[in-house]
Amino acid sequence: MSKLSTFNGGLKLDGHKKMSTGSAIKIARLPEKLIIPVQQHIGLAAEILVNIGDHVLKGQCLARASDTISASIHAPSSGQIIGIDEQPVAHPSGLNALCISLQTDGKDEWRARTAIKQDYLNKSCHELLGIIRDAGIVGLGGATFPTAAKLQACDQKTLHTLIINGAECEPYISCDDVLMREQAEEIIIGVQILQHILAVQNTVIAIEDNKPEAIASLQKAAEQLTAKNIQIISIPTRYPTGGEKQLIKVITGKEVPANGRPADIGILCQNVATANSIYRAVYRDEPAISRIVTVTGNAIHQPANFEVLIGTPMSELISQAGGYKDNIGGLIMGGPMMGFALASDELPVTKACNCLLTNSREETLLPAIRACIRCGECADVCPANLLPQQLYWYSSSKNFDRAQDLHLFDCIECGCCSTVCPSHIPLVQYYRFAKTEIWAQEKQREKADQARLRHEFREQRVAREKAEREEKLRLKKELLAKKKIEEGKAAAIDPKKAAIEAALARVKAKKDASGEPPKNTDNLTEQQQQQIREADQRRQNPSSEEKTE
Amino acid sequence: MKFNNVTSSPHIIRDDGISKLMSQVLLALVPGAIAMFYFFGWGVLFNLLIACVVAITSEAAMLKLRQKPVNANLFDLSAIVTACLLALALPPLAPWWLTVIATLFAIILGKHLYGGLGFNPFNPAMVGYVVVMISFPKEMTFWLLPATINAASLNLTETFNLMFFSQLPAAMSWDSISSATLLDGIKNHLSQGHNLSALESNAQLSSLFGRLAGLGWEWINLLFLAGGLWLFKIRVIDWRIPVGVLAGLSTVSAIFYLINNEQFLSPLIHLSSGGIMLAAFFIATDPVSASTTPRGRMIYGAGIGVLIFVIRQWGGYPDGIAFAVLLMNMAAPLIDYYTVPAAFGNRN
């Protein structure tokens, strides 16, 4: 592990990190109102536990994780719930989302806390996972995947390496950098807790070599805590080294299989800030109610890092950083490579918000887009080793099958290709378009499949019912026939009935045989009848008549 | 505060673009072009001038016809690059209409009828070159004797009169100023059943030899190589295509040279004759018509190198660069199809 590997492409970008690392982490002011989205993570939204008007204490659970892949939401401060409704949130879609509004009371009063501290060593992996889940901790590296869900890989017992990601490769962002500088011991303890949970043999904390202070600080903390089996290494600064799969490649030389997860090759990654959150949950019984946010860029007066309560309006943070300069052109949540531009700063800070980057007007100007000249610079810088230019060709012509053949879904949207394109083609946008289009198609196909299945099932049901009906009918008929036969038998046994029937049959037979013509004999007297009978007899048996006469 | 320009990531975009790339290519052509001017005189400059003027006018006309923004596209300089490559490939005393026809075909047929920059499957300069090569073979083989051994070099006006009015200066004949190129001469020599070792007895041919290969040409190639290496250094071109071309040509020629050095030229002569460096670093590297995958570029370059050797050796033309490039242009999509690199995590 001493020799580092490398991945294809990547970019050497200007860091611009010194801009915001000049001062210590500032504590952001407690705002009057906190707006807390119930979905700040990958997975399902949390289930709300409070009602409007409730008074809540700091750290109290406001919404509970609704599933394994979900995260609980806690009150960042004490106060009163004043609203549960849809509010604008920081999301690329620009859509509103369900939020809990909390009017703070200024007391910042904690709920009762019972930290287990060192006692964690006596706890099982599942007990600790429970603590992490209850604390609503999510991956703070950017993806905000629920940490407890990720750590469930501890069950497999196949993990051998824990990688703590302190690369922070995106320009401008320095929240992990300052955290490592100032709270190194907490991070190391968090890492030790992770080591205990996962029972791994190797632990590597990887930091880009443009953060020597952070590396020194962590090394010192590890020494003081006599942390075992923790290797702190400096890796070359190259975007996107901080990408999970890229980092694993750099450190171990192994490639996580496409569509696979690091756990498949026995590795698990966690961000340094996540390790810090775990420390806080275990040692202070403090859930994920705050995070460090870098406020920086070329259009803000006093760039700095702030420890911010979740739900704080971004505009508050901006004003605490000295406010915008006159040249303000845009605001980005995240870094300049993968962050997304915000339409407004009246949005709450969430667990995912690592950076607020202000761009000057010149920086937001887009050059004209020209035709692709197939120069291949995009392929040279692609860390996923794709052919971005070909993907662009097939995405823009909506030839999605071919785009998928060229591993469209292995694209991590790091933005390297768009950055180097001499024709200024927004390549990543085309990939996003193609991906969403394919997802939509798949959904439609699924729907169609479902409809077809439903139809087939109905046909089957109809056919089955028909068959059943026929079978029933047949059985009924059989039963009837049987009954008849049985009845016949029964009649044979009953002599009286049989005699009557036989007599009737005889009469009928006689009638048929005699071929008696219809006669008008309904209202005749007995005498007349007698006469008719005699006449008939005579007519029928003239000889006998003659004989008798 | 509200923000209007909500754009998608990434938010860092390079400032320079295609026009910068193209101007760097033009700059890299300068040393080789100066060498050509030194050895072949004013005709080289006239060719460049005619080709550029025709390229700009036809490019502008086509953009207008196709209802595309004229200014933005004209200033990407791609038409100028095409014109310059073409002009440097044409004989320095070519009549003016030859250059005009070649350039028109390059820009109109080779580029715009396929959809303009980025959509042409063939290298436009080579399309123009091949059109005049096939249509006017006589004019295309008249090269000047290099200035260093040419007793009767032409001055500016004489060149102008010759190129535009076909007027030779008094007391000068075509034969006294023009000459076949070394490659052409050797081809004739071999086709007459002579061996290469008998070259020295051929006074005219042996006078064309410099230190390495054709007199003058060796310097021209060396300076184009220098320009090409600079382009590689500033990362405008990928090393794979030039290396592929040179490796392909030298490997095949070395094999044949080792088998029979009486009938086959040494790889060193191949590498310093004709327009090989111009082809390897400037023509074959046109990204639009070349293969785009890393492995594909090696194959594409090597294919050009091998084809250049084949055409030089057995083809009907003295130099086979244009045909080799066009043939490999045709193969580029196929090469791309079969050389997709393994994406991250797909190696096994």
# chains A, B, ... in the order shown; residues from 1 in each chain; ligands from 1

$ interface_residues --of "chain A" --to "chain B" --cutoff "8 Å" --atoms "only C-alpha atoms" --output "PyMOL selection string"
chain A and resi 255-258+315+329-331+336-346+363-364+367+371-376+379+383-387+406-407+410+414-416+418-424+428-429

$ write_last_selection --atoms "C-alpha atoms" --output "PDB file, in the first residue's frame"
ATOM      1  CA  GLU A 255     -10.804  -0.933  -9.657  1.00  0.00           C
ATOM      2  CA  VAL A 256     -14.229  -1.285  -8.117  1.00  0.00           C
ATOM      3  CA  PRO A 257     -16.229  -3.268 -10.690  1.00  0.00           C
ATOM      4  CA  ALA A 258     -18.677  -1.236 -12.741  1.00  0.00           C
ATOM      5  CA  SER A 315     -28.588  34.337   2.874  1.00  0.00           C
ATOM      6  CA  GLY A 329     -23.015  36.717 -10.923  1.00  0.00           C
ATOM      7  CA  GLY A 330     -24.056  33.395  -9.486  1.00  0.00           C
ATOM      8  CA  LEU A 331     -24.229  31.173  -6.424  1.00  0.00           C
ATOM      9  CA  PRO A 336     -17.265  24.529  -9.347  1.00  0.00           C
ATOM     10  CA  MET A 337     -16.952  21.096 -10.960  1.00  0.00           C
ATOM     11  CA  MET A 338     -19.946  19.212  -9.620  1.00  0.00           C
ATOM     12  CA  GLY A 339     -21.971  21.735  -7.662  1.00  0.00           C
ATOM     13  CA  PHE A 340     -25.185  23.149  -8.996  1.00  0.00           C
ATOM     14  CA  ALA A 341     -26.181  26.736  -9.507  1.00  0.00           C
ATOM     15  CA  LEU A 342     -28.891  28.052  -7.207  1.00  0.00           C
ATOM     16  CA  ALA A 343     -31.704  30.289  -8.366  1.00  0.00           C
ATOM     17  CA  SER A 344     -31.843  32.042  -4.999  1.00  0.00           C
ATOM     18  CA  ASP A 345     -30.031  32.232  -1.669  1.00  0.00           C
ATOM     19  CA  GLU A 346     -33.271  32.059   0.321  1.00  0.00           C
ATOM     20  CA  GLU A 363     -17.246  33.519 -14.442  1.00  0.00           C
ATOM     21  CA  THR A 364     -20.875  32.865 -15.241  1.00  0.00           C
ATOM     22  CA  PRO A 367     -18.645  30.969 -24.400  1.00  0.00           C
ATOM     23  CA  ALA A 371     -19.010  21.818 -33.328  1.00  0.00           C
ATOM     24  CA  CYS A 372     -17.085  18.884 -31.885  1.00  0.00           C
ATOM     25  CA  ILE A 373     -13.817  18.401 -33.740  1.00  0.00           C
ATOM     26  CA  ARG A 374     -13.156  14.987 -32.173  1.00  0.00           C
ATOM     27  CA  CYS A 375      -9.895  16.231 -30.698  1.00  0.00           C
ATOM     28  CA  GLY A 376     -10.198  13.664 -27.939  1.00  0.00           C
ATOM     29  CA  ALA A 379     -11.108  11.145 -23.460  1.00  0.00           C
ATOM     30  CA  PRO A 383     -11.321   9.408 -15.012  1.00  0.00           C
ATOM     31  CA  ALA A 384     -13.836   6.706 -15.940  1.00  0.00           C
ATOM     32  CA  ASN A 385     -11.857   5.956 -19.088  1.00  0.00           C
ATOM     33  CA  LEU A 386     -14.802   6.599 -21.369  1.00  0.00           C
ATOM     34  CA  LEU A 387     -15.005   8.168 -24.815  1.00  0.00           C
ATOM     35  CA  LEU A 406     -20.065   2.850 -24.497  1.00  0.00           C
ATOM     36  CA  HIS A 407     -20.726   2.682 -20.728  1.00  0.00           C
ATOM     37  CA  ASP A 410     -20.126   4.546 -15.745  1.00  0.00           C
ATOM     38  CA  CYS A 414     -17.184  14.865 -12.749  1.00  0.00           C
ATOM     39  CA  GLY A 415     -17.166  17.512 -15.473  1.00  0.00           C
ATOM     40  CA  CYS A 416     -13.552  17.092 -16.614  1.00  0.00           C
ATOM     41  CA  SER A 418     -16.728  19.771 -20.350  1.00  0.00           C
ATOM     42  CA  THR A 419     -13.954  21.761 -18.726  1.00  0.00           C
ATOM     43  CA  VAL A 420     -11.339  20.929 -21.351  1.00  0.00           C
ATOM     44  CA  CYS A 421     -13.572  20.939 -24.440  1.00  0.00           C
ATOM     45  CA  PRO A 422     -12.175  23.489 -26.923  1.00  0.00           C
ATOM     46  CA  SER A 423     -15.617  23.702 -28.534  1.00  0.00           C
ATOM     47  CA  HIS A 424     -17.180  24.515 -25.138  1.00  0.00           C
ATOM     48  CA  VAL A 428     -22.076  16.470 -19.008  1.00  0.00           C
ATOM     49  CA  GLN A 429     -25.501  17.971 -19.720  1.00  0.00           C
TER      50      GLN A 429
END

$ select_by_dssp --residues "stretch 149-300 of chain A" --states "strand (DSSP E or B)" --output "NGL selection string"
:A and (161-166 or 202-208 or 230-235 or 239 or 267-271 or 290-297 or 300)

$ write_last_selection --atoms "C-alpha atoms" --output "short mmCIF file (atom, residue, chain, number, x, y, z; two decimals), in the first residue's frame"
data_model
loop_
_atom_site.label_atom_id
_atom_site.label_comp_id
_atom_site.auth_asym_id
_atom_site.auth_seq_id
_atom_site.Cartn_x
_atom_site.Cartn_y
_atom_site.Cartn_z
CA THR A 161 -9.72 -1.97 4.36
CA LEU A 162 -11.32 1.21 5.58
CA ILE A 163 -10.49 4.32 3.59
CA ILE A 164 -11.16 7.69 5.15
CA ASN A 165 -11.57 10.25 2.41
CA GLY A 166 -9.94 13.57 3.17
CA ASN A 202 -6.16 -1.70 7.45
CA THR A 203 -7.25 1.88 7.74
CA VAL A 204 -5.99 4.60 5.47
CA ILE A 205 -6.72 8.28 5.79
CA ALA A 206 -5.99 9.83 2.40
CA ILE A 207 -5.47 13.55 2.00
CA GLU A 208 -4.40 15.49 -1.07
CA ILE A 230 -4.17 4.02 10.97
CA GLN A 231 -2.07 5.11 8.03
CA ILE A 232 -2.25 8.77 7.10
CA ILE A 233 -1.08 9.28 3.55
CA SER A 234 -0.65 12.20 1.25
CA ILE A 235 -1.89 11.67 -2.28
CA TYR A 239 -9.34 16.21 -9.56
CA ILE A 267 -13.16 -1.85 0.94
CA LEU A 268 -15.33 0.75 2.60
CA CYS A 269 -14.96 4.52 2.27
CA GLN A 270 -16.07 7.22 4.65
CA ASN A 271 -15.52 10.92 4.59
CA SER A 290 -24.85 20.98 11.99
CA ARG A 291 -22.10 20.86 9.44
CA ILE A 292 -19.18 22.93 8.22
CA VAL A 293 -19.88 25.04 5.16
CA THR A 294 -17.26 26.85 3.11
CA VAL A 295 -18.48 30.23 1.94
CA THR A 296 -16.06 31.37 -0.71
CA GLY A 297 -15.51 32.51 -4.27
CA ILE A 300 -17.87 37.41 -1.48
#

$ residues_around --residues "A:Ile328" --least-positions-apart "3" --cutoff "6 Å" --atoms "only C-alpha atoms" --output "PyMOL selection string"
chain A and resi 299+325+360-361

$ write_last_selection --atoms "N, CA and C atoms" --output "compact mmCIF listing (two decimals), in the first residue's frame"
# COMPACT_ATOMS: atom_id res chain seq x y z
N ALA A 299 -16.74 36.47 -5.40
CA ALA A 299 -17.73 37.53 -5.29
C ALA A 299 -18.28 37.62 -3.87
N LYS A 325 -19.94 40.74 -3.17
CA LYS A 325 -19.30 41.89 -3.82
C LYS A 325 -20.22 42.35 -4.94
N SER A 360 -18.25 35.42 -9.92
CA SER A 360 -18.38 36.76 -10.49
C SER A 360 -19.14 36.67 -11.81
N ARG A 361 -19.59 37.81 -12.30
CA ARG A 361 -20.35 37.80 -13.55
C ARG A 361 -19.54 37.22 -14.69

$ atom_distance --atom1 "atom CA of A:Ala214" --atom2 "atom CA of A:Met180"
5.1 Å

$ residues_around --residues "stretch 149-160 of chain A" --least-positions-apart "3" --cutoff "8 Å" --atoms "only C-alpha atoms" --output "MDAnalysis selection string"
chainID A and resid 68:69 125 129 145:146 197:202 263 265:268

$ write_last_selection --atoms "N, CA and C atoms" --output "compact mmCIF listing (two decimals), in the first residue's frame"
# COMPACT_ATOMS: atom_id res chain seq x y z
N THR A 68 -34.44 1.47 5.76
CA THR A 68 -33.00 1.30 5.97
C THR A 68 -32.25 2.44 5.28
N ILE A 69 -32.66 2.69 4.03
CA ILE A 69 -32.00 3.78 3.30
C ILE A 69 -32.84 5.04 3.47
N CYS A 125 -21.47 -4.32 16.90
CA CYS A 125 -21.56 -3.53 15.67
C CYS A 125 -22.98 -3.04 15.44
N LEU A 129 -24.43 0.70 15.12
CA LEU A 129 -25.16 1.10 13.91
C LEU A 129 -26.47 1.77 14.28
N PHE A 145 -25.37 9.64 1.47
CA PHE A 145 -25.95 8.31 1.60
C PHE A 145 -25.98 7.96 3.08
N PRO A 146 -27.12 7.43 3.58
CA PRO A 146 -27.21 7.13 5.02
C PRO A 146 -26.06 6.23 5.47
N ILE A 197 -16.40 -1.00 14.53
CA ILE A 197 -17.63 -1.51 13.91
C ILE A 197 -17.31 -2.50 12.80
N LEU A 198 -16.35 -2.14 11.98
CA LEU A 198 -16.10 -2.92 10.77
C LEU A 198 -15.07 -4.04 10.96
N ALA A 199 -14.32 -3.96 12.05
CA ALA A 199 -13.28 -4.97 12.32
C ALA A 199 -12.36 -5.17 11.12
N VAL A 200 -11.88 -4.05 10.58
CA VAL A 200 -10.97 -4.13 9.43
C VAL A 200 -9.52 -4.17 9.89
N GLN A 201 -8.66 -4.74 9.04
CA GLN A 201 -7.23 -4.80 9.40
C GLN A 201 -6.52 -3.49 9.05
N ASN A 202 -6.88 -2.90 7.90
CA ASN A 202 -6.16 -1.70 7.45
C ASN A 202 -7.08 -0.48 7.45
N ALA A 263 -17.48 -2.37 -1.30
CA ALA A 263 -17.55 -3.53 -0.40
C ALA A 263 -17.33 -4.83 -1.17
N ILE A 265 -15.06 -5.44 -3.16
CA ILE A 265 -13.65 -5.81 -3.14
C ILE A 265 -13.05 -5.58 -1.75
N GLY A 266 -13.94 -5.61 -0.77
CA GLY A 266 -13.49 -5.61 0.63
C GLY A 266 -13.09 -4.25 1.17
N ILE A 267 -13.57 -3.19 0.52
CA ILE A 267 -13.16 -1.85 0.94
C ILE A 267 -14.40 -1.02 1.28
N LEU A 268 -14.25 -0.16 2.27
CA LEU A 268 -15.33 0.75 2.60
C LEU A 268 -14.75 2.15 2.75

$ atom_distance --atom1 "atom CA of A:Ile35" --atom2 "atom CA of A:Cys99"
6.2 Å

$ select_by_dssp --residues "stretch 7-223 of chain A" --states "alpha helix (DSSP H)" --output "ChimeraX atom specification"
/A:18-21,125-134,147-151,175-182,184-198,212-223

$ residues_around --residues "B:Ile234" --least-positions-apart "5" --cutoff "12 Å" --atoms "only C-alpha atoms" --output "PyMOL selection string"
chain B and resi 20-21+24-25+28+227-229+239

$ write_last_selection --atoms "N, CA and C atoms" --output "mmCIF file, in the first residue's frame"
data_model
loop_
_atom_site.group_PDB
_atom_site.id
_atom_site.type_symbol
_atom_site.label_atom_id
_atom_site.label_comp_id
_atom_site.auth_asym_id
_atom_site.auth_seq_id
_atom_site.Cartn_x
_atom_site.Cartn_y
_atom_site.Cartn_z
ATOM 1 N N LYS B 20 -7.827 29.047 -31.064
ATOM 2 C CA LYS B 20 -6.476 29.045 -30.481
ATOM 3 C C LYS B 20 -5.711 27.808 -30.950
ATOM 4 N N LEU B 21 -6.394 26.660 -30.922
ATOM 5 C CA LEU B 21 -5.755 25.423 -31.391
ATOM 6 C C LEU B 21 -5.275 25.598 -32.830
ATOM 7 N N GLN B 24 -2.316 27.791 -33.210
ATOM 8 C CA GLN B 24 -1.086 27.113 -32.799
ATOM 9 C C GLN B 24 -0.585 26.170 -33.884
ATOM 10 N N VAL B 25 -1.531 25.517 -34.562
ATOM 11 C CA VAL B 25 -1.141 24.644 -35.669
ATOM 12 C C VAL B 25 -0.466 25.477 -36.761
ATOM 13 N N ALA B 28 2.982 26.394 -35.823
ATOM 14 C CA ALA B 28 3.904 25.257 -35.899
ATOM 15 C C ALA B 28 4.307 24.958 -37.338
ATOM 16 N N GLY B 227 8.233 21.588 -35.642
ATOM 17 C CA GLY B 227 6.925 22.208 -35.392
ATOM 18 C C GLY B 227 5.960 21.197 -34.783
ATOM 19 N N GLY B 228 6.002 19.982 -35.302
ATOM 20 C CA GLY B 228 5.118 18.927 -34.808
ATOM 21 C C GLY B 228 5.410 18.596 -33.357
ATOM 22 N N LEU B 229 6.713 18.534 -33.029
ATOM 23 C CA LEU B 229 7.077 18.209 -31.647
ATOM 24 C C LEU B 229 6.611 19.310 -30.700
ATOM 25 N N TRP B 239 0.259 12.213 -29.382
ATOM 26 C CA TRP B 239 1.490 11.610 -29.931
ATOM 27 C C TRP B 239 1.206 10.358 -30.739
#

$ residues_around --residues "stretch 88-90 of chain A" --least-positions-apart "4" --cutoff "7 Å" --atoms "only C-alpha atoms" --output "PyMOL selection string"
chain A and resi 95-97+342+347-348

$ residues_around --residues "B:Leu327" --least-positions-apart "6" --cutoff "10 Å" --atoms "only C-alpha atoms" --output "ChimeraX atom specification"
/B:122,300,303-304,307,321

$ decode --residues "stretch 7-23 of chain B" --atoms "N, CA and C atoms" --output "short mmCIF file (atom, residue, chain, number, x, y, z; two decimals), in the first residue's frame"
data_model
loop_
_atom_site.label_atom_id
_atom_site.label_comp_id
_atom_site.auth_asym_id
_atom_site.auth_seq_id
_atom_site.Cartn_x
_atom_site.Cartn_y
_atom_site.Cartn_z
N THR B 7 -26.89 27.61 -14.51
CA THR B 7 -26.31 26.69 -15.49
C THR B 7 -25.93 25.39 -14.83
N SER B 8 -25.70 24.41 -15.68
CA SER B 8 -25.36 23.09 -15.19
C SER B 8 -23.85 22.97 -15.00
N SER B 9 -23.44 22.10 -14.08
CA SER B 9 -22.01 21.94 -13.81
C SER B 9 -21.33 21.26 -14.99
N PRO B 10 -20.06 21.35 -15.18
CA PRO B 10 -19.12 22.13 -14.38
C PRO B 10 -19.18 23.62 -14.70
N HIS B 11 -18.71 24.39 -13.72
CA HIS B 11 -18.76 25.85 -13.88
C HIS B 11 -17.40 26.42 -14.24
N ILE B 12 -16.43 25.52 -14.44
CA ILE B 12 -15.12 25.98 -14.91
C ILE B 12 -15.01 25.55 -16.37
N ILE B 13 -14.80 26.50 -17.24
CA ILE B 13 -14.70 26.19 -18.67
C ILE B 13 -13.48 26.91 -19.23
N ARG B 14 -12.74 26.24 -20.11
CA ARG B 14 -11.53 26.88 -20.61
C ARG B 14 -11.89 28.11 -21.44
N ASP B 15 -11.00 29.10 -21.39
CA ASP B 15 -11.30 30.36 -22.10
C ASP B 15 -11.00 30.22 -23.59
N ASP B 16 -9.90 29.51 -23.89
CA ASP B 16 -9.54 29.44 -25.31
C ASP B 16 -10.38 28.37 -25.98
N GLY B 17 -10.28 28.31 -27.30
CA GLY B 17 -11.11 27.34 -28.01
C GLY B 17 -10.46 26.87 -29.28
N ILE B 18 -11.30 26.51 -30.23
CA ILE B 18 -10.80 25.94 -31.48
C ILE B 18 -9.85 26.91 -32.18
N SER B 19 -10.19 28.21 -32.18
CA SER B 19 -9.36 29.15 -32.94
C SER B 19 -7.94 29.20 -32.39
N LYS B 20 -7.83 29.05 -31.06
CA LYS B 20 -6.48 29.04 -30.48
C LYS B 20 -5.71 27.81 -30.95
N LEU B 21 -6.39 26.66 -30.92
CA LEU B 21 -5.75 25.42 -31.39
C LEU B 21 -5.27 25.60 -32.83
N MET B 22 -6.16 26.15 -33.65
CA MET B 22 -5.84 26.28 -35.07
C MET B 22 -4.67 27.24 -35.27
N SER B 23 -4.67 28.34 -34.49
CA SER B 23 -3.58 29.29 -34.67
C SER B 23 -2.25 28.68 -34.21
#
